[in-house]
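**Q** The following file, final.csv, comprises CSV, C-alpha atoms:
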```csv
chain,number,residue,atom,x,y,z
U,1,MET,CA,0.0,0.0,0.0
U,2,ASN,CA,1.2,3.5,-0.6
U,3,SER,CA,1.4,6.0,2.1
U,4,ASP,CA,-1.7,8.1,1.3
U,5,PRO,CA,-4.2,5.2,2.0
U,6,ASP,CA,-2.1,4.3,5.1
U,7,MET,CA,-2.2,7.9,6.3
U,8,HIS,CA,-6.0,8.0,5.8
U,9,LEU,CA,-6.5,4.7,7.7
U,10,LEU,CA,-4.1,5.9,10.5
U,11,SER,CA,-6.1,9.1,10.8
U,12,LEU,CA,-9.4,7.1,11.1
U,13,ILE,CA,-7.9,4.8,13.7
U,14,ASP,CA,-6.7,7.8,15.7
U,15,ARG,CA,-10.2,9.2,15.6
U,16,VAL,CA,-11.7,5.9,16.6
U,17,ALA,CA,-9.4,5.8,19.6
U,18,ALA,CA,-10.9,9.2,20.5
U,19,ARG,CA,-14.4,7.5,20.4
U,20,ASP,CA,-15.4,9.1,17.1
U,21,GLN,CA,-18.3,6.8,15.8
U,22,ALA,CA,-18.3,8.5,12.4
U,23,ALA,CA,-14.6,7.5,12.0
U,24,LEU,CA,-15.4,3.9,12.8
U,25,ARG,CA,-18.0,3.9,10.1
U,26,GLN,CA,-15.6,5.4,7.6
U,27,LEU,CA,-12.9,2.9,8.6
U,28,TYR,CA,-15.5,0.1,8.1
U,29,ASP,CA,-16.5,1.4,4.7
U,30,ALA,CA,-12.9,1.7,3.6
U,31,THR,CA,-11.7,-1.8,4.7
U,32,ALA,CA,-14.7,-4.1,5.2
U,33,SER,CA,-14.7,-5.7,1.7
U,34,LYS,CA,-11.1,-6.8,1.9
U,35,LEU,CA,-11.4,-7.9,5.5
U,36,TYR,CA,-14.6,-9.8,4.8
U,37,GLY,CA,-12.8,-11.6,1.9
U,38,LEU,CA,-10.0,-12.6,4.3
U,39,ALA,CA,-12.5,-13.9,6.9
U,40,LEU,CA,-14.4,-15.8,4.3
U,41,ARG,CA,-11.2,-17.5,3.1
U,42,VAL,CA,-10.4,-18.6,6.7
U,43,VAL,CA,-13.9,-19.7,7.9
U,44,GLY,CA,-15.5,-20.7,4.5
U,45,LYS,CA,-19.0,-19.6,5.4
U,46,PRO,CA,-20.4,-16.1,4.5
U,47,GLU,CA,-22.4,-15.8,7.8
U,48,TRP,CA,-19.4,-16.8,9.8
U,49,ALA,CA,-17.2,-14.3,7.9
U,50,GLU,CA,-19.8,-11.6,8.7
U,51,ASP,CA,-19.6,-12.5,12.4
U,52,CYS,CA,-15.8,-12.3,12.3
U,53,LEU,CA,-16.0,-8.9,10.7
U,54,GLN,CA,-18.4,-7.6,13.3
U,55,ASP,CA,-16.2,-8.9,16.1
U,56,THR,CA,-13.2,-7.3,14.5
U,57,PHE,CA,-14.8,-3.9,14.4
U,58,LEU,CA,-15.9,-4.2,18.0
U,59,GLN,CA,-12.3,-5.0,18.9
U,60,VAL,CA,-11.1,-2.0,16.9
U,61,TRP,CA,-13.5,0.2,18.8
U,62,ARG,CA,-12.2,-1.1,22.1
U,63,SER,CA,-8.5,-1.2,21.2
U,64,ALA,CA,-7.8,1.5,18.7
U,65,GLY,CA,-5.9,3.4,21.3
U,66,ASP,CA,-3.4,0.6,21.6
U,67,TYR,CA,-2.6,0.6,17.9
U,68,ARG,CA,1.1,1.5,17.1
U,69,ALA,CA,1.8,2.4,13.5
U,70,SER,CA,5.5,1.7,14.1
U,71,LEU,CA,4.7,-2.0,14.6
U,72,SER,CA,2.5,-2.7,11.5
U,73,PRO,CA,0.6,-0.9,8.7
U,74,PRO,CA,-3.1,-0.3,9.4
U,75,MET,CA,-4.4,-3.0,7.0
U,76,ALA,CA,-1.9,-5.6,8.5
U,77,TRP,CA,-3.2,-4.8,12.0
U,78,LEU,CA,-6.8,-5.1,10.9
U,79,GLY,CA,-6.0,-8.3,8.9
U,80,MET,CA,-4.4,-9.9,11.9
U,81,MET,CA,-7.5,-9.1,14.0
U,82,VAL,CA,-9.8,-10.6,11.4
U,83,ARG,CA,-7.6,-13.7,11.1
U,84,SER,CA,-7.5,-14.1,14.9
U,85,ARG,CA,-11.3,-13.7,15.2
U,86,SER,CA,-11.8,-16.2,12.3
U,87,LEU,CA,-9.5,-18.8,13.9
U,88,ASP,CA,-11.3,-18.3,17.2
U,89,LEU,CA,-14.6,-18.9,15.6
U,90,LEU,CA,-13.4,-22.0,13.9
U,91,ARG,CA,-12.0,-23.3,17.2
U,92,ARG,CA,-15.3,-22.6,19.0
U,93,ALA,CA,-17.3,-24.3,16.1
U,94,GLN,CA,-14.9,-27.3,16.4
U,95,ALA,CA,-15.3,-27.5,20.1
U,96,GLN,CA,-19.1,-27.2,19.8
U,97,ARG,CA,-19.2,-30.0,17.2
U,98,GLN,CA,-17.0,-32.2,19.4
U,99,SER,CA,-19.3,-31.5,22.3
U,100,GLN,CA,-22.3,-32.4,20.3
U,101,THR,CA,-20.6,-35.5,18.9
U,102,ASP,CA,-19.7,-36.6,22.4
U,103,ASP,CA,-23.3,-36.0,23.6
U,104,ILE,CA,-24.6,-38.1,20.7
U,105,ASP,CA,-22.0,-40.8,21.3
U,106,ASP,CA,-23.0,-40.9,25.0
U,107,HIS,CA,-26.7,-41.1,24.1
U,108,LEU,CA,-26.1,-43.9,21.6
U,109,ALA,CA,-23.9,-45.7,24.1
U,110,ASP,CA,-26.6,-45.5,26.7
U,111,THR,CA,-29.3,-46.5,24.2
U,112,LEU,CA,-27.6,-49.2,22.2
U,113,ALA,CA,-25.0,-50.8,24.5
U,114,GLY,CA,-27.1,-51.5,27.6
U,115,ASP,CA,-26.6,-54.5,29.7
U,116,ALA,CA,-30.2,-55.6,29.0
U,117,PRO,CA,-30.5,-58.3,26.5
U,118,ASP,CA,-31.8,-57.5,23.1
U,119,PRO,CA,-35.6,-58.3,22.9
U,120,SER,CA,-35.1,-60.7,19.9
U,121,ASP,CA,-32.4,-62.5,21.9
U,122,THR,CA,-34.7,-62.8,24.9
U,123,THR,CA,-37.5,-64.1,22.7
U,124,LEU,CA,-35.2,-66.7,21.1
U,125,ALA,CA,-33.9,-67.8,24.4
U,126,SER,CA,-37.4,-68.1,25.7
U,127,GLN,CA,-38.5,-70.2,22.7
U,128,GLN,CA,-35.4,-72.4,23.1
U,129,ALA,CA,-36.1,-72.9,26.8
U,130,TRP,CA,-39.7,-73.9,26.1
U,131,ALA,CA,-38.5,-76.3,23.4
U,132,LEU,CA,-36.0,-77.9,25.8
U,133,HIS,CA,-38.6,-78.3,28.4
U,134,GLN,CA,-40.9,-80.1,25.9
U,135,CYS,CA,-38.1,-82.3,24.7
U,136,LEU,CA,-37.0,-83.2,28.3
U,137,GLY,CA,-40.6,-84.2,28.9
U,138,GLN,CA,-40.3,-86.8,26.1
U,139,LEU,CA,-37.4,-88.6,27.8
U,140,ASN,CA,-38.0,-91.5,30.1
U,141,HIS,CA,-37.6,-90.8,33.8
U,142,GLN,CA,-34.1,-92.3,34.2
U,143,GLN,CA,-32.7,-90.4,31.2
U,144,ARG,CA,-34.3,-87.1,32.4
U,145,GLU,CA,-32.9,-87.6,35.9
U,146,VAL,CA,-29.3,-88.4,34.9
U,147,ILE,CA,-29.2,-85.6,32.4
U,148,THR,CA,-30.7,-83.1,34.8
U,149,LEU,CA,-28.2,-84.1,37.6
U,150,ALA,CA,-25.3,-84.1,35.2
U,151,TYR,CA,-25.9,-80.6,33.7
U,152,LEU,CA,-27.7,-78.7,36.4
U,153,ARG,CA,-25.6,-79.9,39.3
U,154,ASP,CA,-22.5,-80.4,37.2
U,155,LEU,CA,-21.9,-83.9,38.4
U,156,SER,CA,-19.5,-86.3,36.7
U,157,HIS,CA,-20.5,-89.7,35.5
U,158,THR,CA,-18.8,-91.3,38.4
U,159,GLU,CA,-20.5,-89.0,40.9
U,160,LEU,CA,-23.8,-89.7,39.3
U,161,ALA,CA,-23.2,-93.5,39.5
U,162,THR,CA,-22.3,-93.2,43.2
U,163,GLN,CA,-25.2,-90.9,44.0
U,164,LEU,CA,-27.8,-93.1,42.2
U,165,GLY,CA,-26.3,-96.4,43.2
U,166,LEU,CA,-26.0,-97.5,39.5
U,167,PRO,CA,-23.2,-99.0,37.5
U,168,LEU,CA,-21.1,-96.4,35.7
U,169,GLY,CA,-21.8,-98.0,32.3
U,170,THR,CA,-25.6,-97.7,32.8
U,171,VAL,CA,-25.3,-94.0,33.7
U,172,LYS,CA,-23.1,-93.3,30.6
U,173,THR,CA,-25.6,-95.2,28.4
U,174,TRP,CA,-28.6,-93.3,29.8
U,175,ILE,CA,-26.9,-89.9,29.3
U,176,ARG,CA,-25.7,-90.8,25.8
U,177,ARG,CA,-29.2,-92.0,24.7
U,178,GLY,CA,-31.0,-89.2,26.4
U,179,LEU,CA,-28.7,-86.6,24.7
U,180,ASP,CA,-29.2,-88.2,21.3
U,181,GLN,CA,-33.0,-88.0,21.8
U,182,LEU,CA,-32.7,-84.3,23.0
U,183,ARG,CA,-30.7,-83.4,19.9
U,184,GLN,CA,-33.2,-85.0,17.5
U,185,CYS,CA,-36.1,-83.4,19.3
U,186,MET,CA,-34.5,-79.9,19.5
U,187,ALA,CA,-33.6,-80.1,15.8
U,188,ARG,CA,-37.4,-80.2,15.0
U,189,TRP,CA,-37.9,-76.9,16.9
U,190,HIS,CA,-35.3,-75.0,14.7
```
Using the file provided, produce a representation of the structure as structure tokens.
**A**
Amino acid sequence: MNSDPDMHLLSLIDRVAARDQAALRQLYDATASKLYGLALRVVGKPEWAEDCLQDTFLQVWRSAGDYRASLSPPMAWLGMMVRSRSLDLLRRAQAQRQSQTDDIDDHLADTLAGDAPDPSDTTLASQQAWALHQCLGQLNHQQREVITLAYLRDLSHTELATQLGLPLGTVKTWIRRGLDQLRQCMARWH
């Protein structure tokens, strides 16, 4: 930039520092299109760029007295403020998206991953239990007794033979034949 536009902007910034609202309006009119373009390149959305521009000019109103021409040209100072506001907006938007994503993830985890069984699993298990009960009812008394003791009380063949006072071979035969009948019967329920 040549010195004439810089001098004009410097004059406007000095007047804004003295709380001259007309100077703020003139500064806005002179720089807003370039600053909006910068904000739009950073944030990518027109409405966000407008918010950044508005925030920048609020900051200009508050901090014009702190501006030092020896440190940077006026447009560079304004551009840094726009860039800073734009990056702040992107960080806030990212944090908000992350928070919303976390909330959704928490809700889905609570909804989908509960300890309660899936209703279809419960229904299937109930149907299988009913079928097993029906099939056990079809076994003769001895087979039903040895299978029930073996699986519900977790007794070995030897322990069953001792508890029932039967030869070990008889217990093994009753269990084998009873399980074969249960397999055939349960196959009809599937």
**Q** Kindly assemble as JSON lines a list of the segment 68-110 of chain U residues that lie within 9 Å of segment 20-35 of chain U, each paired with its nearest atom pair and their distance in Å to one decimal, using all atoms listed in the file, sorted first by chain and then by ascending residue number.
**A**
```
{"residue": "U:Met75", "atom": "CA", "partner": "U:Thr31", "partner_atom": "CA", "distance": 7.7}
{"residue": "U:Leu78", "atom": "CA", "partner": "U:Leu35", "partner_atom": "CA", "distance": 7.6}
{"residue": "U:Gly79", "atom": "CA", "partner": "U:Leu35", "partner_atom": "CA", "distance": 6.4}
{"residue": "U:Val82", "atom": "CA", "partner": "U:Leu35", "partner_atom": "CA", "distance": 6.7}
{"residue": "U:Arg83", "atom": "CA", "partner": "U:Leu35", "partner_atom": "CA", "distance": 8.9}
```
**Q** In terms of the shortest atom-to-atom distance over all atoms listed in the file, which of U:Asp154, U:Val171, U:Leu139, U:Val60 is closest to Gln184 of chain U?
**A**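 Distance minimum relative to Gln184 of chain U lands on U:Leu139.
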**Q** Taking all atoms listed in the file into account, name the residue in U:Ala150, U:Leu12, U:Leu136, U:Val42 that is nearest to Pro74 of chain U.
**A**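 Answer, going by the shortest atom-to-atom distance: U:Leu12.
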**Q** Quick one, how far is atom CA of Leu87 of chain U from atom CA of Ser99 of chain U?
**A**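 Pair atom CA of Leu87 of chain U / atom CA of Ser99 of chain U returns 18.1 Å.
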**Q** Between U:Glu159, U:Gln98, U:Met81, U:Ala131, which has the minimum distance to Met186 of chain U (counting all atoms listed in the file)?
**A**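 Of U:Glu159, U:Gln98, U:Met81, U:Ala131, the one nearest Met186 of chain U is U:Ala131, counting all atoms listed in the file.
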**Q** Within 12 Å of (-8.6, 1.6, 25.1) in the file's own coordinates, which protein, DNA or RNA residues have an atom, counting only C-alpha atoms? List them as a ChimeraX atom specification.
**A** /U:13-14,16-19,58-67
**Q** Closest to His141 of chain U among U:Ala125, U:Met7, U:Ile104, U:Ile175, using only C-alpha atoms?
**A**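 Checking each of U:Ala125, U:Met7, U:Ile104, U:Ile175 against His141 of chain U, counting only C-alpha atoms, the winner is U:Ile175.
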**Q** Of the candidates U:Trp48, U:His157, U:Cys135, U:Arg85, which one gets nearest to Gly169 of chain U if we count all atoms listed in the file?
**A**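 Looking at the shortest contact to Gly169 of chain U, the residue is U:His157.
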**Q** So the first atom is atom CA of Glu145 of chain U and the second is atom CA of Leu164 of chain U; what is the distance between them in Å, to one decimal place?
**A**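 Spanning atom CA of Glu145 of chain U to atom CA of Leu164 of chain U is a straight-line distance of 9.8 Å.
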**Q** For each of U:Leu152, U:Val43, U:Cys185, U:Leu10, take the minimum atom-to-atom distance to Trp77 of chain U, counting all atoms listed in the file, then give the residue where this is smallest.
**A**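 So, comparing all the options, the nearest one is U:Leu10.
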**Q** Rounded to one decimal in Å, what is the spacing between atom CA of Ala95 of chain U and atom CA of Asp55 of chain U?
**A**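 Atom-to-atom, atom CA of Ala95 of chain U and atom CA of Asp55 of chain U are spaced 19.0 Å apart.
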